[in-house]
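Please read the structure below before turning to the comments.
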Amino acid sequence: MNRDQLRELMEAVQGGEISPDAACDRLKNLPFEDLGFAKVDHHRSVRTGMPEVIYCAGKTADQVAGIFASLAASGVNVLATRASRDQFDVVRQAEPRAVFHVAAGCITLHQQALPKRAGRVGIVCAGTSDLPVAEEARVTAELMGNDVDMVVDVGVAGLHRLLSQHLRLQEATVLIVCAGMEGALPSGDCGAYERWVWRIVRRRGCAAGDAELLFAECYGCEYR
């Protein structure tokens, strides 16, 4: 339930369209619903404007499906990240309208129209190996009502590829930059464009070295 739905419910009680007892039944799972293995935060959309997101890694398919069905029943848009095909197959049994985004590893359910947000989110992907993270960012941003423009394979190993997209990146209100290793692409974007840059630095292969971690921490990068 979000703020608009909560307001509509209160107005319905005020107008006599629904009884107070029926309204209480509607609100009985606020602020959370206890499923035993998880406490689903139905109040989060009221507090923050966006519902809880399901992080699927480490959860069983039945657990993911149970949380997904609980959120879906509340009427909000549902997003599950780091999901597998096996998890999706079980989710779909509980909620046939669910959609699996293979490249992003996300499961979504769009059942509530959100007002379009101002501006555009630019997603910049250093290499093909970074596409899963970039796709996850795209699916998330679009589900939240954002206009998204994604630019792929423009890492600093071939800087001319990045520079050729200058106009598209300049038009973005915010840039989400997905890169690996030492994060040279995020630092380049941050210096080239007067935009807020959210940097996602990915570990490729072995664990990152001390120098790489220090670079990421100094530049406020997030490790995935």
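In the structure tokens, the first chain shown is A, the next is B, and so on; residue numbers restart at 1 for each chain, and ligands run from 1 in the order shown.
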* Which residues, written as a PyMOL selection string, have at least one atom at most 10 Å from range 133-141 of chain A, with only C-alpha atoms counted and residues fewer than 6 positions away on the same chain left out? -> chain A and resi 53+79-82+101-108+120-127+147-152+176-179+200-202+224
I want to know what sits within 12 Å of Lys59 in chain A, based on only C-alpha atoms, with residues of the same chain fewer than 3 positions away left out; could you give that as a PDB file with C-alpha atoms, in the first residue's frame?
ATOM      1  CA  PHE A  37      10.744 -16.765   7.460  1.00  0.00           C
ATOM      2  CA  ALA A  38      10.364 -13.071   6.556  1.00  0.00           C
ATOM      3  CA  ILE A  54      13.209  -8.622  -2.863  1.00  0.00           C
ATOM      4  CA  TYR A  55      16.873  -9.671  -2.944  1.00  0.00           C
ATOM      5  CA  CYS A  56      16.692 -13.273  -4.159  1.00  0.00           C
ATOM      6  CA  ASP A  62       9.500 -20.863  -2.187  1.00  0.00           C
ATOM      7  CA  GLN A  63      10.674 -17.999   0.015  1.00  0.00           C
ATOM      8  CA  VAL A  64      10.964 -15.665  -2.969  1.00  0.00           C
ATOM      9  CA  ALA A  65       7.529 -16.699  -4.194  1.00  0.00           C
ATOM     10  CA  GLY A  66       5.978 -16.166  -0.769  1.00  0.00           C
ATOM     11  CA  ILE A  67       7.383 -12.650  -0.398  1.00  0.00           C
ATOM     12  CA  ALA A  80      12.921  -9.028  -7.227  1.00  0.00           C
ATOM     13  CA  THR A  81      16.634  -8.831  -8.038  1.00  0.00           C
ATOM     14  CA  ARG A  82      19.421 -11.427  -8.465  1.00  0.00           C
ATOM     15  CA  ALA A  83      16.784 -13.991  -9.353  1.00  0.00           C
ATOM     16  CA  SER A  84      17.278 -17.325 -11.108  1.00  0.00           C
ATOM     17  CA  ASP A  86      14.175 -21.702 -11.083  1.00  0.00           C
ATOM     18  CA  GLN A  87      13.037 -19.022  -8.648  1.00  0.00           C
TER      19      GLN A  87
END
* Show which residues sit within 12 Å of Ser164 in chain A, as number ranges by chain. Count only C-alpha atoms, and ignore same-chain residues fewer than 5 positions away. => A: 151-155, 158-159, 169-170
* Which of these, A:Ala113, A:Ala61, A:Val78, A:Leu175, has the shortest distance to Val99 in chain A once you count only C-alpha atoms? ->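 Ranked by minimum distance to Val99 in chain A, first place goes to A:Val78.
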* How many Å lie between CA of Leu114 in chain A and CA of Thr173 in chain A, rounded to one decimal? ->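 Separation between CA of Leu114 in chain A and CA of Thr173 in chain A: 18.9 Å.
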